[in-house]
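Please read the structure below before turning to the comments.
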Protein chains: 2
Amino acid sequence: MLKRFLNAPDKLVSEAIDGLLRSSQGAHLARLDAGAGINVVLQKHVPPDRVAVISGGGSGHEPAHAGFVGRGMLTAAVCGAVFASPGIDAILSAIIAVTGPAGCLLIVKNYTGDRLNFGIAAEQARALGYKVALIIVGDDIALGQNARARGIAGTILIHKIAGYHAERGASLEEVTHHAEDASRKVRSLGLALTDCNVYDGHHQDRLGPHEAELGLGVHGEAGAEKIPLASLDQLMHRVVGRLETAITPGNQIVMINMLGAVPPLEACAIAASFAKTALAERTKWVIGPAPIMTSLDMVGFSLSLLPAEEAFVEALRAPVESSFWPGIASFPPVATVPAPELTETFTSPASQNAALETRLQAGLDALISARQDLNALDGKLGDGDAGSTFADAAQIISEAFPQLPFARPDALCAALGRLLARHSGGSSGALLSIMLTAAGREPDWVPGLKRGIDAMTRYGGAQKGDRTMLDALWPAITCLEQGGSLTEMSQAARKGADATIKMKAGAGRAAYVPAEHLEDVIDPGAEAVARFLAAVAAKD
Amino acid sequence: MLKRFLNAPDKLVSEAIDGLLRSSQGAHLARLDAGAGINVVLQKHVPPDRVAVISGGGSGHEPAHAGFVGRGMLTAAVCGAVFASPGIDAILSAIIAVTGPAGCLLIVKNYTGDRLNFGIAAEQARALGYKVALIIVGDDIALGQNARARGIAGTILIHKIAGYHAERGASLEEVTHHAEDASRKVRSLGLALTDCNVYDGHHQDRLGPHEAELGLGVHGEAGAEKIPLASLDQLMHRVVGRLETAITPGNQIVMINMLGAVPPLEACAIAASFAKTALAERTKWVIGPAPIMTSLDMVGFSLSLLPAEEAFVEALRAPVESSFWPGIASFPPVATVPAPELTETFTSPASQNAALETRLQAGLDALISARQDLNALDGKLGDGDAGSTFADAAQIISEAFPQLPFARPDALCAALGRLLARHSGGSSGALLSIMLTAAGREPDWVPGLKRGIDAMTRYGGAQKGDRTMLDALWPAITCLEQGGSLTEMSQAARKGADATIKMKAGAGRAAYVPAEHLEDVIDPGAEAVARFLAAVAAKD
């Protein structure tokens with residue numbers, strides 16, 4: 001079985017069209033209710049007085065062509081099987097279904113099958129009395145700029161330009177004139193890292209791990225040239241270098257097309273890479289990056305260039321009903337907004353409180369001394385760094401003592417929270433930072449710490465009994481709220497920490513450790529809290 | 001070197017943001033001009049009086065989150081490294097940059113790192129006097145609906161709903177209320193055929209060729225369950241079956257999300273497959289299919305469901321500045337338009353012309369007899385079927401004699417063109433069909449055939465001297481135009497055909513055959529024309 005989202009290859013195109021028509025991007029589309037093998041997508045409400053613009057070809061290039069059906073672009077798209085030209089009856093049906101007295105323009109990519117089948121259908125429609133014009137687009141420069149130049153993504157620009165003129169009520173002659181003008185001037189070139197899998201079940205990529213292909217073909221055919229794999233900027237340099245030999249001087253419009261399996265993150269990196277080239281300096285307008293004419297799951301991109309003539313820009317900027325058209329924008333430098341100055345760590349001036357300083361230093365010293373014990377505890381559950389995290393945090397706070405505002409609990413907590421946020425690592429550091437920052441919003445210790453522990457609970461996602469620091473912190477703060485002494489508080493914390501021995505882990509890394517490994521191990525975070533508070537209380 | 005579009009992994013996110021901002025979809029975006037490692041995308045013009053809606057997380061999920069920045073959705077997105085939570089300073093900078101007196105809402109996906117870092121930043125912003133609300137989204141049902149439920153694509157629906165209420169001027173409390181309401185109700189589940197390549201250079205897919213993964217994670221982590229590969233409809237059945245156990249009764253909104261490397265053709269097939277499920281019957285609105293929250297190059301999809309409550313629908317339908325938002329549409333059956341009746345093969349009534357019938361029959365008989373000779377000629381250049389193509393076409397025409405309108409050249413040519421279009425194969429059949437159909441548009445033989453040969457030249461792309469049928473047809477028609485007899489015409493055709501021996505191939509399959517193979521071989525198409533015309537003329 002093919003590892004693809006697929007029922008049967010011969011049903012794929014028809015099913016996909018059904019999906020498109022029921023998607024949020026297909027509400028304006030209908031399909032011809034014709035026999036099997038005829039897959040024609042058209043506007044639900046074809047305007048009777050406009051030139052119809054029809055395109056199509058093999059499937060596998062989505063959103064081309066059906067995705068570009070809509071007011072202002074295509075009137076209908078004729079979809080063949082994957083990479084196969086649609087049949088004559090399908091094309092003729094499409095022409096008859098959408099062509100009124102204003103006539104129709106067929107936009108055909110330069111492949112023998114398409115040229116012949118669209119050609120026959122055009123001749124037969126003319127024989128039936130329809131006004132039919134046909135243009136053949138060969139924008140690909142990979143094989144040289146001659147009669148054999150293939151039609152690739154640049155064709156979509158012709159759809160947009162023809163569709164614009166048709167929508168504004170131009171005659172068939174005018175629409176054809178504008179489409180031909182653009183068709184003569186558009187140039188494209190693609191580059192791929194892989195070929196595409198055509199649902200044949202025994203696919204082998206013809207490109208080796210260190211090869212790329214310049215001048216890709218969109219039907220699985222070999223590219224014009226194998227080149228060595230290189231960095232994105234180097235690959236882009238080659239594509240742009242070749243295109244520069246084929247375009248006119250002066251300002252350009254670029255369309256950046258993705259081939260079907262390029263992650264959107266890399267698509268944006270491709271656009272950024274283009275922006276670094278010399279050609280970008282005379283590029284005034286950009287379309288994409290976006291999947292426009294794909295080739296199944298090929299990892300590749302193509303660039304299409306059109307001179308930035310005012311008439312083209314106007315046509316490309318006009319609104320269109322298809323939401324697959326990625327729009328066009330001017331191509332200015334990256335816009336930036338000044339970053340705010342982040343508040344310094346110490347917002348309040350340093351101040352003294354000798355008793356508090358002594359207690360805190362005792363607690364911090366206890367954490368610094370507990371480094372190895374706590375690492376050993378953590379080593380039974382995780383990566384054995386809990387002791388280091390607490391000891392490092394304690395060290396940082398110790399060193400900051402001269403700058404800390406000890407006279408005000410809220411200012412002190414806020415300063416400690418910011419200090420840990422900037423300089424402490426791991427989840428424990430983050431959770432303590434949250435606790436202290438939240439505590440800093442109350443002027444007094446007990447309500448402040450209560451608020452801090454609440455915040456830690458909310459952000460950390462652990463509950464009491466989940467085998468975390470909270471199992472020592474909650475008993476401690478509850479004791480203080482009930483008027484307990486510091487010694488009673490520290491005893492409550494110790495009792496809470498010891499109780500974690502029998503707890504199942506409900507949060508943190510220990511939640512992923514089998515329960516039997518947790519037996520008789522105190523949670524290292526709870527142990528750290530208990531030791532810290534014991535040292536703080538011992539100075540009573 | 002990694003086979004990806006990439007310069008260096010540590011520059012990818014920043015480069016991609018530059019690319020996004022210079023793309024046709026990013027003209028309304030700016031980035032914070034902050035130090036390395038701070039990647040914040042925000043609206044160029046943040047409205048000063050609205051609640052700011054901020055989201056973010058690791059990169060690798062594009063277009064989420066930066067792509068959804070825009071009026072009506074996110075005010076800013078904070079982008080971490082690939083699959084890593086953004087730093088606290090980045091989040092705090094974003095908050096300060098876009099938050100005015102109305103405050104801000106942080107929408108955070110339920111991962112420990114995001115929860116903690118956004119939590120700290122929120123607390124620190126509050127300490128600085130900002131009004132900050134924060135909600136945590138856990139829409140993924142793969143690991144059960146509990147505190148550990150991860151935030152996946154459904155989060156984007158919360159962005160849209162919050163952004164709508166912010167845009168219409170709601171208070172922070174109202175925006176948060178609506179976002180929380182939707183967050184409590186949204187459910188998602190994903191399925192993947194591959195995992196994703198995290199740029200580590202020694203990637204091995206953890207899924208075998210016959211395995212898929214139900215309950216995918218979007219950070220390269222293992223999915224909840226390995227399941228056997230199956231057809232798309234069967235896989236969809238499993239996803240929908242699991243989702244049905246987790247959603248409320250009643251009408252639904254579905255969002256169909258692609259994971260980053262699904263070809264658009266298959267994305268549409270996925271939508272069609274969903275449409276076949278029982279759940280589709282109570283699905284009233286659809287969003288996508290589209291890449292919304294991807295996971296680099298993972299081949300997978302996810303479905304997100306939200307009850308079709310009027311308030312949600314209103315919020316989701318509102319316009320938005322981001323063009324990555326794929327819109328929402330009602331989910332009706334596929335719209336169809338009746339197909340036109342194709343004209344029957346014979347539009348004109350049968351009629352007689354004894355002399356013409358005799359001549360034509362002689363020509364057709366000559367082609368039928370030439371089957372093996374022409375196949376042998378073609379065998380030296382191609383696949384040896386040219387004789388069969390001509391003979392079969394001649395046979396079809398012979399059998400249609402009783403129905404043909406021999407009394408009118410134009411009607412006869414049109415009928416023959418249609419006959420060949422429907423029943424003849426290969427490029428030769430198509431080209432002859434084009435010639436005859438075009439010829440049928442003139443009342444008289446000579447101008448008709450001239451027009452036909454012109455059409456064949458245009459569509460076929462070959463010129464005189466390119467070693468094709470045209471090298472016999474052009475001398476023949478030129479002779480007739482100059483008043484030559486049928487015998488002279490047939491002699492001209494023979495001379496033209498013989499001259500192909502020395503020609504290089506300029507079109508057709510022979511163009512791909514090395515020149516030395518062509519020596520002393522007459523083009524089989526030209527030979528067919530010469531034999532046909534010789535037989536026609538011999539009845540003089």
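Residue names in the structure tokens use chain letters A, B, ... in the order shown, residue numbers from 1 in each chain, and ligand numbers from 1 in the order shown.
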(request) Could you tell me, as an MDAnalysis selection string, which residues of stretch 64-169 of chain B DSSP assigns to strand (DSSP E) when given the backbone? (result) chainID B and resid 76:82 104:109 132:137
(request) Would you mind listing what lies within 9 Å of stretch 259-272 of chain A as a VMD selection string, with only C-alpha atoms counted and same-chain residues fewer than 3 positions away left out? (result) (chain A and resid 61 to 62 192 218 232 to 233 236 256 275 to 276 288 to 302) or (chain B and resid 4 to 7 12 to 23 59 to 63 259 to 265 291 294 to 299)
(request) Take atom CA of B:Met73 and atom CA of B:Ser323 and report the distance between them in Å, one decimal. (result)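 Distance reported for this atom pair: 11.0 Å.
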(message) Need to verify the contact set: stretch 200-206 of chain A, 8 Å, only C-alpha atoms, exclusion of same-chain residues closer than 4 positions in sequence. Can you return it as number ranges by chain?
(response) A: 1-2, 194-196
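Each of B:Leu214, B:Ala77, B:Leu229, B:Ala537 was checked against B:Gln361 using only C-alpha atoms; the smallest atom-to-atom distance is that of B:Ala537.
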(request) Work out how far apart atom CA of A:Thr155 and atom CA of A:Pro101 are and give it in Å to one decimal. (result) 25.4 Å
Extract, using only C-alpha atoms, all DNA, RNA and protein residues at most 9 Å from B:His210, discarding same-chain residues fewer than 2 positions from it, and format them as a compact mmCIF listing (two decimals) with N, CA and C atoms, in the first residue's frame.
# COMPACT_ATOMS: atom_id res chain seq x y z
N MET A 1 0.84 -1.20 0.00
CA MET A 1 0.00 0.00 0.00
C MET A 1 0.87 1.25 0.00
N LEU A 2 0.52 2.20 -0.84
CA LEU A 2 1.29 3.46 -0.91
C LEU A 2 1.13 4.23 0.39
N LYS A 3 2.23 4.82 0.86
CA LYS A 3 2.16 5.59 2.10
C LYS A 3 1.75 7.02 1.78
N LEU B 207 8.47 5.67 11.93
CA LEU B 207 7.35 4.89 11.42
C LEU B 207 7.82 3.98 10.28
N GLY B 208 7.44 2.74 10.34
CA GLY B 208 7.77 1.81 9.27
C GLY B 208 6.88 2.03 8.05
N ALA B 212 1.14 4.06 10.52
CA ALA B 212 0.75 5.46 10.65
C ALA B 212 0.66 5.75 12.15
N ILE B 227 -0.65 2.81 14.38
CA ILE B 227 -1.73 2.02 13.80
C ILE B 227 -1.29 1.56 12.42
N PRO B 228 -1.93 0.51 11.90
CA PRO B 228 -1.51 0.04 10.57
C PRO B 228 -1.92 1.06 9.49
N LEU B 229 -1.06 1.21 8.51
CA LEU B 229 -1.39 2.03 7.35
C LEU B 229 -2.67 1.48 6.71
N ALA B 230 -3.51 2.35 6.21
CA ALA B 230 -4.76 1.92 5.58
C ALA B 230 -5.15 2.97 4.54
(message) I'd like the contact shell of B:Ala534 - 9 Å cut-off, only C-alpha atoms, skipping same-chain residues fewer than 5 positions apart - returned as a PyMOL selection string.
(response) chain B and resi 363+366+486-487+489-491+493-494+529
To test your reading of the structure, identify every residue in stretch 153-380 of chain B that backbone DSSP assigns to helix (DSSP H, G or I), and report it as a tab-separated table (two decimals) with N, CA and C atoms, in the first residue's frame.
chain	number	residue	atom	x	y	z
B	155	THR	N	-5.94	25.68	18.66
B	155	THR	CA	-5.53	26.96	19.24
B	155	THR	C	-5.76	28.12	18.26
B	156	ILE	N	-5.64	27.84	16.98
B	156	ILE	CA	-5.80	28.91	15.99
B	156	ILE	C	-7.25	29.42	15.98
B	157	LEU	N	-8.18	28.53	16.28
B	157	LEU	CA	-9.58	28.99	16.39
B	157	LEU	C	-9.72	29.98	17.55
B	158	ILE	N	-8.98	29.75	18.60
B	158	ILE	CA	-9.04	30.66	19.75
B	158	ILE	C	-8.43	32.02	19.37
B	159	HIS	N	-7.35	31.98	18.59
B	159	HIS	CA	-6.78	33.25	18.10
B	159	HIS	C	-7.84	34.05	17.34
B	160	LYS	N	-8.55	33.34	16.48
B	160	LYS	CA	-9.52	34.03	15.62
B	160	LYS	C	-10.66	34.59	16.45
B	161	ILE	N	-11.14	33.82	17.38
B	161	ILE	CA	-12.29	34.26	18.20
B	161	ILE	C	-11.87	35.41	19.11
B	162	ALA	N	-10.71	35.29	19.74
B	162	ALA	CA	-10.24	36.39	20.60
B	162	ALA	C	-9.97	37.64	19.76
B	163	GLY	N	-9.35	37.43	18.60
B	163	GLY	CA	-9.01	38.57	17.74
B	163	GLY	C	-10.25	39.31	17.26
B	164	TYR	N	-11.31	38.56	17.00
B	164	TYR	CA	-12.56	39.18	16.57
B	164	TYR	C	-13.11	40.09	17.67
B	165	HIS	N	-13.15	39.57	18.88
B	165	HIS	CA	-13.72	40.36	19.97
B	165	HIS	C	-12.84	41.55	20.31
B	166	ALA	N	-11.52	41.35	20.24
B	166	ALA	CA	-10.62	42.49	20.47
B	166	ALA	C	-10.85	43.56	19.42
B	167	GLU	N	-10.97	43.14	18.17
B	167	GLU	CA	-11.12	44.09	17.07
B	167	GLU	C	-12.42	44.90	17.21
B	172	LEU	N	-10.88	43.48	28.07
B	172	LEU	CA	-10.03	42.31	28.30
B	172	LEU	C	-10.82	41.17	28.93
B	173	GLU	N	-11.73	41.51	29.84
B	173	GLU	CA	-12.52	40.46	30.48
B	173	GLU	C	-13.40	39.75	29.46
B	174	GLU	N	-14.02	40.54	28.58
B	174	GLU	CA	-14.89	39.92	27.56
B	174	GLU	C	-14.09	39.07	26.58
B	175	VAL	N	-12.98	39.61	26.11
B	175	VAL	CA	-12.15	38.86	25.16
B	175	VAL	C	-11.70	37.54	25.80
B	176	THR	N	-11.26	37.64	27.04
B	176	THR	CA	-10.80	36.44	27.74
B	176	THR	C	-11.94	35.45	27.94
B	177	HIS	N	-13.10	35.97	28.28
B	177	HIS	CA	-14.26	35.09	28.46
B	177	HIS	C	-14.58	34.30	27.19
B	178	HIS	N	-14.62	34.99	26.07
B	178	HIS	CA	-14.94	34.30	24.81
B	178	HIS	C	-13.85	33.30	24.44
B	179	ALA	N	-12.59	33.69	24.65
B	179	ALA	CA	-11.49	32.79	24.32
B	179	ALA	C	-11.52	31.56	25.21
B	180	GLU	N	-11.81	31.76	26.50
B	180	GLU	CA	-11.86	30.62	27.41
B	180	GLU	C	-13.03	29.70	27.08
B	181	ASP	N	-14.14	30.31	26.72
B	181	ASP	CA	-15.31	29.51	26.38
B	181	ASP	C	-14.98	28.59	25.19
B	182	ALA	N	-14.39	29.16	24.15
B	182	ALA	CA	-14.04	28.35	22.98
B	182	ALA	C	-12.95	27.33	23.33
B	183	SER	N	-12.01	27.76	24.14
B	183	SER	CA	-10.90	26.88	24.51
B	183	SER	C	-11.40	25.64	25.26
B	184	ARG	N	-12.39	25.84	26.11
B	184	ARG	CA	-12.96	24.69	26.84
B	184	ARG	C	-13.65	23.71	25.90
B	185	LYS	N	-14.14	24.20	24.75
B	185	LYS	CA	-15.01	23.38	23.91
B	185	LYS	C	-14.30	22.79	22.68
B	232	LEU	N	-7.12	6.08	2.84
B	232	LEU	CA	-7.49	7.37	3.44
B	232	LEU	C	-8.83	7.29	4.15
B	233	ASP	N	-9.82	6.67	3.52
B	233	ASP	CA	-11.14	6.62	4.17
B	233	ASP	C	-11.09	5.84	5.47
B	234	GLN	N	-10.29	4.77	5.50
B	234	GLN	CA	-10.18	4.00	6.74
B	234	GLN	C	-9.46	4.78	7.83
B	235	LEU	N	-8.40	5.48	7.45
B	235	LEU	CA	-7.68	6.30	8.43
B	235	LEU	C	-8.59	7.41	8.97
B	236	MET	N	-9.32	8.04	8.06
B	236	MET	CA	-10.24	9.11	8.47
B	236	MET	C	-11.29	8.57	9.44
B	237	HIS	N	-11.76	7.36	9.17
B	237	HIS	CA	-12.76	6.73	10.03
B	237	HIS	C	-12.24	6.63	11.47
B	238	ARG	N	-10.96	6.29	11.60
B	238	ARG	CA	-10.40	6.15	12.96
B	238	ARG	C	-10.30	7.49	13.66
B	239	VAL	N	-9.87	8.50	12.94
B	239	VAL	CA	-9.73	9.83	13.56
B	239	VAL	C	-11.10	10.33	14.00
B	240	VAL	N	-12.06	10.23	13.08
B	240	VAL	CA	-13.39	10.75	13.38
B	240	VAL	C	-14.03	9.94	14.52
B	241	GLY	N	-13.80	8.64	14.50
B	241	GLY	CA	-14.37	7.80	15.56
B	241	GLY	C	-13.90	8.24	16.94
B	242	ARG	N	-12.61	8.55	17.05
B	242	ARG	CA	-12.08	8.99	18.34
B	242	ARG	C	-12.62	10.37	18.71
B	243	LEU	N	-12.70	11.25	17.73
B	243	LEU	CA	-13.19	12.60	18.02
B	243	LEU	C	-14.65	12.57	18.47
B	244	GLU	N	-15.42	11.66	17.87
B	244	GLU	CA	-16.85	11.62	18.22
B	244	GLU	C	-17.08	11.32	19.69
B	264	PRO	N	-1.15	19.58	-1.96
B	264	PRO	CA	-2.50	20.15	-1.97
B	264	PRO	C	-3.55	19.22	-2.58
B	265	LEU	N	-3.14	18.40	-3.56
B	265	LEU	CA	-4.10	17.45	-4.14
B	265	LEU	C	-4.63	16.51	-3.07
B	266	GLU	N	-3.71	15.99	-2.24
B	266	GLU	CA	-4.14	15.06	-1.19
B	266	GLU	C	-4.88	15.78	-0.06
B	267	ALA	N	-4.53	17.04	0.17
B	267	ALA	CA	-5.26	17.81	1.18
B	267	ALA	C	-6.74	17.87	0.82
B	268	CYS	N	-7.02	18.08	-0.46
B	268	CYS	CA	-8.42	18.12	-0.89
B	268	CYS	C	-9.07	16.74	-0.78
B	269	ALA	N	-8.29	15.70	-1.06
B	269	ALA	CA	-8.84	14.34	-0.91
B	269	ALA	C	-9.17	14.07	0.56
B	270	ILE	N	-8.38	14.62	1.48
B	270	ILE	CA	-8.65	14.45	2.91
B	270	ILE	C	-9.97	15.12	3.27
B	271	ALA	N	-10.21	16.30	2.71
B	271	ALA	CA	-11.48	16.98	2.97
B	271	ALA	C	-12.65	16.16	2.43
B	272	ALA	N	-12.45	15.58	1.24
B	272	ALA	CA	-13.52	14.75	0.65
B	272	ALA	C	-13.77	13.52	1.51
B	273	SER	N	-12.70	12.98	2.06
B	273	SER	CA	-12.84	11.79	2.89
B	273	SER	C	-13.61	12.12	4.17
B	274	PHE	N	-13.29	13.27	4.77
B	274	PHE	CA	-14.07	13.69	5.95
B	274	PHE	C	-15.54	13.81	5.60
B	275	ALA	N	-15.81	14.32	4.40
B	275	ALA	CA	-17.20	14.56	4.00
B	275	ALA	C	-18.02	13.27	3.91
B	278	ALA	N	-19.88	9.96	9.13
B	278	ALA	CA	-21.14	10.30	9.80
B	278	ALA	C	-21.06	11.68	10.45
B	279	LEU	N	-19.89	12.02	10.94
B	279	LEU	CA	-19.72	13.32	11.60
B	279	LEU	C	-19.97	14.48	10.63
B	280	ALA	N	-19.68	14.24	9.36
B	280	ALA	CA	-19.88	15.30	8.36
B	280	ALA	C	-21.34	15.71	8.29
B	281	GLU	N	-22.23	14.77	8.62
B	281	GLU	CA	-23.66	15.09	8.50
B	281	GLU	C	-24.09	16.17	9.49
B	310	GLU	N	-23.70	30.02	17.48
B	310	GLU	CA	-23.79	31.21	16.63
B	310	GLU	C	-22.67	32.20	16.92
B	311	ALA	N	-22.32	32.35	18.20
B	311	ALA	CA	-21.28	33.33	18.55
B	311	ALA	C	-19.93	32.93	17.96
B	312	PHE	N	-19.65	31.63	17.97
B	312	PHE	CA	-18.38	31.18	17.38
B	312	PHE	C	-18.38	31.41	15.86
B	313	VAL	N	-19.49	31.06	15.23
B	313	VAL	CA	-19.56	31.21	13.78
B	313	VAL	C	-19.38	32.67	13.39
B	314	GLU	N	-20.04	33.54	14.12
B	314	GLU	CA	-19.92	34.98	13.83
B	314	GLU	C	-18.46	35.43	13.94
B	315	ALA	N	-17.80	34.99	15.00
B	315	ALA	CA	-16.40	35.40	15.20
B	315	ALA	C	-15.49	34.82	14.12
B	316	LEU	N	-15.76	33.58	13.73
B	316	LEU	CA	-14.89	32.93	12.75
B	316	LEU	C	-15.13	33.46	11.33
B	317	ARG	N	-16.34	33.97	11.08
B	317	ARG	CA	-16.64	34.49	9.74
B	317	ARG	C	-16.13	35.90	9.53
B	354	ALA	N	-20.37	10.47	-55.47
B	354	ALA	CA	-19.77	9.19	-55.86
B	354	ALA	C	-18.28	9.30	-56.15
B	355	ALA	N	-17.89	10.36	-56.89
B	355	ALA	CA	-16.48	10.49	-57.27
B	355	ALA	C	-15.62	10.64	-56.03
B	356	LEU	N	-16.06	11.52	-55.16
B	356	LEU	CA	-15.30	11.77	-53.94
B	356	LEU	C	-15.20	10.50	-53.10
B	357	GLU	N	-16.31	9.78	-52.97
B	357	GLU	CA	-16.32	8.55	-52.17
B	357	GLU	C	-15.31	7.56	-52.72
B	358	THR	N	-15.26	7.45	-54.03
B	358	THR	CA	-14.32	6.50	-54.65
B	358	THR	C	-12.88	6.90	-54.33
B	359	ARG	N	-12.60	8.19	-54.53
B	359	ARG	CA	-11.23	8.66	-54.26
B	359	ARG	C	-10.85	8.44	-52.79
B	360	LEU	N	-11.73	8.86	-51.89
B	360	LEU	CA	-11.40	8.75	-50.47
B	360	LEU	C	-11.19	7.29	-50.09
B	361	GLN	N	-12.07	6.42	-50.60
B	361	GLN	CA	-11.94	5.00	-50.26
B	361	GLN	C	-10.60	4.46	-50.73
B	362	ALA	N	-10.18	4.90	-51.91
B	362	ALA	CA	-8.88	4.45	-52.42
B	362	ALA	C	-7.76	4.89	-51.49
B	363	GLY	N	-7.83	6.14	-51.03
B	363	GLY	CA	-6.81	6.65	-50.11
B	363	GLY	C	-6.80	5.88	-48.81
B	364	LEU	N	-7.99	5.62	-48.28
B	364	LEU	CA	-8.07	4.89	-47.00
B	364	LEU	C	-7.54	3.47	-47.18
B	365	ASP	N	-7.88	2.85	-48.28
B	365	ASP	CA	-7.38	1.49	-48.53
B	365	ASP	C	-5.86	1.48	-48.58
B	366	ALA	N	-5.30	2.54	-49.18
B	366	ALA	CA	-3.84	2.61	-49.25
B	366	ALA	C	-3.24	2.66	-47.84
B	367	LEU	N	-3.88	3.42	-46.96
B	367	LEU	CA	-3.37	3.50	-45.58
B	367	LEU	C	-3.53	2.17	-44.86
B	368	ILE	N	-4.66	1.53	-45.09
B	368	ILE	CA	-4.89	0.23	-44.43
B	368	ILE	C	-3.83	-0.77	-44.89
B	369	SER	N	-3.52	-0.75	-46.18
B	369	SER	CA	-2.50	-1.67	-46.70
B	369	SER	C	-1.10	-1.30	-46.22
B	371	ARG	N	-0.11	-0.45	-43.34
B	371	ARG	CA	0.10	-0.63	-41.90
B	371	ARG	C	1.50	-1.15	-41.57
B	372	GLN	N	1.87	-2.29	-42.17
B	372	GLN	CA	3.14	-2.89	-41.77
B	372	GLN	C	4.35	-2.10	-42.23
B	373	ASP	N	4.27	-1.58	-43.47
B	373	ASP	CA	5.39	-0.77	-43.97
B	373	ASP	C	5.65	0.42	-43.06
B	374	LEU	N	4.56	1.11	-42.71
B	374	LEU	CA	4.74	2.33	-41.90
B	374	LEU	C	5.17	2.00	-40.48
B	375	ASN	N	4.64	0.91	-39.94
B	375	ASN	CA	5.10	0.48	-38.62
B	375	ASN	C	6.60	0.19	-38.65
B	376	ALA	N	7.04	-0.42	-39.74
B	376	ALA	CA	8.46	-0.76	-39.84
B	376	ALA	C	9.31	0.51	-39.90
B	377	LEU	N	8.84	1.49	-40.68
B	377	LEU	CA	9.56	2.77	-40.73
B	377	LEU	C	9.62	3.41	-39.34
B	378	ASP	N	8.48	3.42	-38.67
B	378	ASP	CA	8.39	4.06	-37.36
B	378	ASP	C	9.23	3.31	-36.34
B	379	GLY	N	9.37	2.01	-36.54
B	379	GLY	CA	10.16	1.20	-35.61
B	379	GLY	C	11.62	1.63	-35.56
(request) Quick one: everything within 10 Å of B:Val337, counting only C-alpha atoms, minus sequence neighbours fewer than 2 positions away in the same chain. Send it as an NGL selection string. (result) (:A and (29-34 or 40-45 or 97)) or (:B and (335 or 339-340))
(message) I'd like to know which of B:Pro338, B:Gly483, B:Gly72, B:Pro447 is closest to chain A, using only C-alpha atoms.
(response)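 Ranking B:Pro338, B:Gly483, B:Gly72, B:Pro447 by distance to chain A, first place goes to B:Pro338.
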(request) Calculate how many Å separate atom CA of B:Ile522 from atom CA of A:Asn146, rounding to one decimal. (result)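 Atom-to-atom, atom CA of B:Ile522 to atom CA of A:Asn146, that is 25.7 Å.
Residue neighbourhood of B:Val286, excluding near-sequence residues (fewer than 6 positions): Ser23 and Ser24 of chain A; Ile253, Val254, Met255, Ile328, Ala329, Ser330 and Phe331 of chain B, at 7 Å, using only C-alpha atoms.
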(message) Measuring between only C-alpha atoms, which one of A:Ser388, A:Thr437, A:Ser171, A:Thr500 shows the shortest distance to A:Ser424?
(response) A:Ser388
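Comparing the minimum interatomic distances between A:Asp444 and each of A:Glu481, A:Glu211, A:Asp139, A:Glu225, counting only C-alpha atoms, we find that A:Glu481 sits nearest.
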(message) Let me make sure I understand: among A:Thr336, A:Gln482, A:Gln352, A:Ser188, which one has the smallest atom-to-atom distance to chain B if we use only C-alpha atoms?
(response)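 Nearest candidate to chain B out of A:Thr336, A:Gln482, A:Gln352, A:Ser188: A:Thr336.
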